[in-house]
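Printed here is target.cif (mmCIF, C-alpha atoms):
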data_work
loop_
_atom_site.group_PDB
_atom_site.id
_atom_site.type_symbol
_atom_site.label_atom_id
_atom_site.label_comp_id
_atom_site.auth_asym_id
_atom_site.auth_seq_id
_atom_site.Cartn_x
_atom_site.Cartn_y
_atom_site.Cartn_z
ATOM 1 C CA MET A 125 108.765 39.822 108.893
ATOM 2 C CA ALA A 126 112.224 38.527 109.709
ATOM 3 C CA LYS A 127 115.133 39.739 107.611
ATOM 4 C CA ASP A 128 118.045 37.418 108.413
ATOM 5 C CA ILE A 129 117.445 34.150 106.545
ATOM 6 C CA SER A 130 118.952 32.390 103.563
ATOM 7 C CA ASP A 131 118.451 29.111 101.758
ATOM 8 C CA PHE A 132 119.653 27.093 98.756
ATOM 9 C CA TYR A 133 119.169 28.693 95.337
ATOM 10 C CA ILE A 134 116.667 26.491 93.514
ATOM 11 C CA LYS A 135 115.696 28.434 90.383
ATOM 12 C CA GLY A 136 115.688 26.327 87.247
ATOM 13 C CA GLU A 137 117.425 27.105 83.973
ATOM 14 C CA ARG A 138 114.095 27.948 82.333
ATOM 15 C CA ASP A 139 113.419 30.727 84.847
ATOM 16 C CA PRO A 140 114.140 34.075 83.140
ATOM 17 C CA LEU A 141 115.982 35.276 86.259
ATOM 18 C CA TYR A 142 118.126 32.140 86.584
ATOM 19 C CA ASP A 143 121.763 32.760 87.524
ATOM 20 C CA ASP A 144 124.063 29.718 87.218
ATOM 21 C CA ASN A 145 126.673 31.390 89.445
ATOM 22 C CA ARG A 146 124.470 31.449 92.541
ATOM 23 C CA LEU A 147 124.282 28.801 95.248
ATOM 24 C CA GLU A 148 122.218 30.617 97.845
ATOM 25 C CA ASN A 149 119.274 32.993 98.178
ATOM 26 C CA VAL A 150 120.504 35.847 100.303
ATOM 27 C CA THR A 151 117.514 38.159 100.678
ATOM 28 C CA PHE A 152 114.460 37.565 102.814
ATOM 29 C CA LEU A 153 112.110 37.820 99.843
ATOM 30 C CA GLU A 154 114.108 35.417 97.616
ATOM 31 C CA THR A 155 114.253 32.871 100.425
ATOM 32 C CA VAL A 156 110.538 33.045 101.220
ATOM 33 C CA ILE A 157 109.606 32.759 97.546
ATOM 34 C CA ALA A 158 111.885 29.717 97.145
ATOM 35 C CA LYS A 159 110.263 28.089 100.179
ATOM 36 C CA LEU A 160 106.786 28.800 98.788
ATOM 37 C CA TYR A 161 107.667 27.178 95.461
ATOM 38 C CA MET A 162 109.079 24.149 97.285
ATOM 39 C CA ILE A 163 105.827 23.738 99.212
ATOM 40 C CA LEU A 164 103.612 24.259 96.167
ATOM 41 C CA LEU A 165 105.558 21.967 93.827
ATOM 42 C CA THR A 166 106.149 19.114 96.270
ATOM 43 C CA ASN A 167 103.855 16.184 96.951
ATOM 44 C CA LYS A 168 103.613 14.714 100.426
ATOM 45 C CA GLY A 169 105.984 11.797 100.757
ATOM 46 C CA ASP A 170 108.540 13.201 98.285
ATOM 47 C CA VAL A 171 110.865 14.643 100.951
ATOM 48 C CA TYR A 172 112.912 12.071 102.806
ATOM 49 C CA GLY A 173 112.598 12.600 106.557
ATOM 50 C CA ASP A 174 109.488 14.813 106.339
ATOM 51 C CA PRO A 175 106.613 12.820 104.807
ATOM 52 C CA ASN A 176 104.098 15.609 105.507
ATOM 53 C CA PHE A 177 106.018 18.310 103.594
ATOM 54 C CA GLY A 178 104.283 19.570 100.466
ATOM 55 C CA ALA A 179 100.936 20.979 99.389
ATOM 56 C CA ASP A 180 99.997 17.810 97.460
ATOM 57 C CA ILE A 181 98.075 19.917 94.929
ATOM 58 C CA PRO A 182 97.941 17.334 92.086
ATOM 59 C CA LYS A 183 96.091 14.951 94.431
ATOM 60 C CA PHE A 184 93.374 17.535 94.912
ATOM 61 C CA LEU A 185 93.081 18.206 91.180
ATOM 62 C CA TRP A 186 92.638 14.535 90.249
ATOM 63 C CA LYS A 187 89.865 14.134 92.802
ATOM 64 C CA THR A 188 87.468 16.750 91.540
ATOM 65 C CA LYS A 189 85.248 16.943 94.607
ATOM 66 C CA TYR A 190 87.688 19.111 96.582
ATOM 67 C CA PRO A 191 86.814 22.823 96.727
ATOM 68 C CA ALA A 192 89.448 25.514 96.251
ATOM 69 C CA SER A 193 89.113 26.353 99.949
ATOM 70 C CA THR A 194 90.530 22.918 100.870
ATOM 71 C CA ILE A 195 93.666 23.559 98.795
ATOM 72 C CA LYS A 196 93.988 27.049 100.270
ATOM 73 C CA THR A 197 93.744 25.726 103.833
ATOM 74 C CA ASN A 198 96.327 23.039 103.057
ATOM 75 C CA ILE A 199 98.759 25.652 101.691
ATOM 76 C CA GLU A 200 98.213 27.889 104.729
ATOM 77 C CA GLU A 201 98.984 24.961 107.057
ATOM 78 C CA GLN A 202 102.180 24.189 105.114
ATOM 79 C CA ILE A 203 103.288 27.828 105.308
ATOM 80 C CA GLU A 204 102.561 27.949 109.028
ATOM 81 C CA GLN A 205 104.593 24.792 109.604
ATOM 82 C CA HIS A 206 107.513 25.353 107.215
ATOM 83 C CA ILE A 207 107.887 29.129 106.819
ATOM 84 C CA PRO A 208 107.781 30.487 110.367
ATOM 85 C CA GLU A 209 109.137 33.812 109.075
ATOM 86 C CA LEU A 210 105.659 34.577 107.695
ATOM 87 C CA THR A 211 102.482 35.254 109.622
ATOM 88 C CA ARG A 212 98.988 35.022 108.121
ATOM 89 C CA ASN A 213 98.979 38.822 107.839
ATOM 90 C CA ASP A 214 102.063 38.757 105.565
ATOM 91 C CA TYR A 215 100.358 37.105 102.597
ATOM 92 C CA GLU A 216 97.070 36.470 100.840
ATOM 93 C CA ILE A 217 96.276 33.277 98.941
ATOM 94 C CA ASP A 218 93.794 32.824 96.098
ATOM 95 C CA VAL A 219 93.116 29.385 94.631
ATOM 96 C CA TYR A 220 91.061 28.740 91.523
ATOM 97 C CA ILE A 221 89.993 25.378 90.113
ATOM 98 C CA LEU A 222 88.949 25.152 86.475
ATOM 99 C CA PRO A 223 87.584 22.038 84.754
ATOM 100 C CA GLY A 224 90.137 20.233 82.597
ATOM 101 C CA ASN A 225 89.959 17.342 80.144
ATOM 102 C CA TYR A 226 91.855 14.763 82.212
ATOM 103 C CA GLN A 227 92.283 16.525 85.527
ATOM 104 C CA ASP A 228 91.192 19.880 86.830
ATOM 105 C CA ILE A 229 93.431 22.918 86.350
ATOM 106 C CA GLY A 230 94.585 24.671 89.503
ATOM 107 C CA ILE A 231 95.798 28.228 89.815
ATOM 108 C CA VAL A 232 97.487 29.353 93.031
ATOM 109 C CA GLN A 233 98.299 33.006 93.572
ATOM 110 C CA ILE A 234 100.123 34.188 96.698
ATOM 111 C CA ASP A 235 100.394 37.926 97.239
ATOM 112 C CA LEU A 236 103.295 38.877 99.511
ATOM 113 C CA GLY A 237 102.629 42.595 99.235
ATOM 114 C CA ILE A 238 105.856 43.456 97.421
ATOM 115 C CA SER A 239 105.932 40.353 95.223
ATOM 116 C CA ASN A 240 103.658 37.568 94.013
ATOM 117 C CA VAL A 241 103.975 33.830 93.532
ATOM 118 C CA ASN A 242 101.783 32.377 90.772
ATOM 119 C CA VAL A 243 101.659 28.691 89.877
ATOM 120 C CA LEU A 244 99.547 26.901 87.281
ATOM 121 C CA PHE A 245 98.857 23.179 87.754
ATOM 122 C CA ARG A 246 97.539 21.222 84.786
#

Starting from the file, lay out its structure as structure tokens.
Amino acid sequence: MAKDISDFYIKGERDPLYDDNRLENVTFLETVIAKLYMILLTNKGDVYGDPNFGADIPKFLWKTKYPASTIKTNIEEQIEQHIPELTRNDYEIDVYILPGNYQDIGIVQIDLGISNVNVLFR
């Protein structure tokens, strides 16, 4: 894994580790985690200039015929394209789809070895 990267600080005020004095992620791990959240929480077409950026997870949850493996593959492709600092050996992804009342519920867990990214979509 590369060690010399940084990116904008994007944590929200509701995050328990939010720091309103920060403008930039300065460690490798903070930067990779921020990039993962951007991919997971962005729908394709939302980023001006890069219409293919984003995991588009809500689309998959509204159309209930998609298996969890389709979402996982989509996330892996996004990571490969937008986080070149990571290789497929640097992380493990688990995706779970549970039936919901109006749309399915999606759980994405990404294990980075020394930290995890967990997102619930409902």

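Nearest residue to A:Ile195, choosing from A:Ile181, A:Leu160, A:Val171, A:Leu153 and counting only C-alpha atoms: A:Ile181.
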
Gap from atom CA of A:Tyr161 to atom CA of A:Pro208 - Å, one decimal: 15.3 Å

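Going from atom CA of A:Gly169 over to atom CA of A:Asn213, you cover 28.8 Å.
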
To verify the selection step, state as a ChimeraX atom specification which residues the PyMOL selection byres ((chain A and resi 237-240) around 12) yields on this input. /A:125,152-154,156-158,160-161,213-218,232-236,241-243

Atom CA of A:Val219 and atom CA of A:Glu204 are how many Å apart?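 Separation between atom CA of A:Val219 and atom CA of A:Glu204: 17.3 Å.
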
Could you expand the PyMOL selection byres ((chain A and resi 182) around 10) into the explicit residues it covers here, written as a PDB file with C-alpha atoms, keeping the file's coordinate frame?
ATOM      1  CA  LEU A 164     103.612  24.259  96.167  1.00  0.00           C
ATOM      2  CA  LEU A 165     105.558  21.967  93.827  1.00  0.00           C
ATOM      3  CA  THR A 166     106.149  19.114  96.270  1.00  0.00           C
ATOM      4  CA  ASN A 167     103.855  16.184  96.951  1.00  0.00           C
ATOM      5  CA  ALA A 179     100.936  20.979  99.389  1.00  0.00           C
ATOM      6  CA  ASP A 180      99.997  17.810  97.460  1.00  0.00           C
ATOM      7  CA  ILE A 181      98.075  19.917  94.929  1.00  0.00           C
ATOM      8  CA  LYS A 183      96.091  14.951  94.431  1.00  0.00           C
ATOM      9  CA  PHE A 184      93.374  17.535  94.912  1.00  0.00           C
ATOM     10  CA  LEU A 185      93.081  18.206  91.180  1.00  0.00           C
ATOM     11  CA  TRP A 186      92.638  14.535  90.249  1.00  0.00           C
ATOM     12  CA  LYS A 187      89.865  14.134  92.802  1.00  0.00           C
ATOM     13  CA  GLN A 227      92.283  16.525  85.527  1.00  0.00           C
ATOM     14  CA  ASP A 228      91.192  19.880  86.830  1.00  0.00           C
ATOM     15  CA  ILE A 229      93.431  22.918  86.350  1.00  0.00           C
ATOM     16  CA  GLY A 230      94.585  24.671  89.503  1.00  0.00           C
ATOM     17  CA  PHE A 245      98.857  23.179  87.754  1.00  0.00           C
ATOM     18  CA  ARG A 246      97.539  21.222  84.786  1.00  0.00           C
TER      19      ARG A 246
END

Between A:Leu210, A:Met162, A:Ile221, A:Ile203, single out the one closest to A:Tyr190, counting all atoms listed in the file.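 Checking each candidate against A:Tyr190, we get A:Ile221 as the closest.
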
Stretch 208-225 of chain A, all listed atoms, 5 Å padding on each side: what axis-aligned box centre and edge lengths in Å to one decimal come out, as AutoDock Vina command-line options?
--center_x 98.4 --center_y 28.1 --center_z 95.3 --size_x 31.6 --size_y 31.5 --size_z 40.2

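Closest to A:Thr155 among A:Ile207, A:Tyr226, A:Glu201, A:Lys189 is A:Ile207, based on all atoms listed in the file.
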
Distance query A:His206 at most 10 Å, only C-alpha atoms, self and fewer than 6 positions along chain excluded, as a PyMOL selection string: chain A and resi 159-160+163+177-178+200

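Using only C-alpha atoms for every distance, the candidate list A:Lys168, A:Thr211, A:Pro175, A:Asn225 yields A:Lys168 as the residue closest to A:Asn198.
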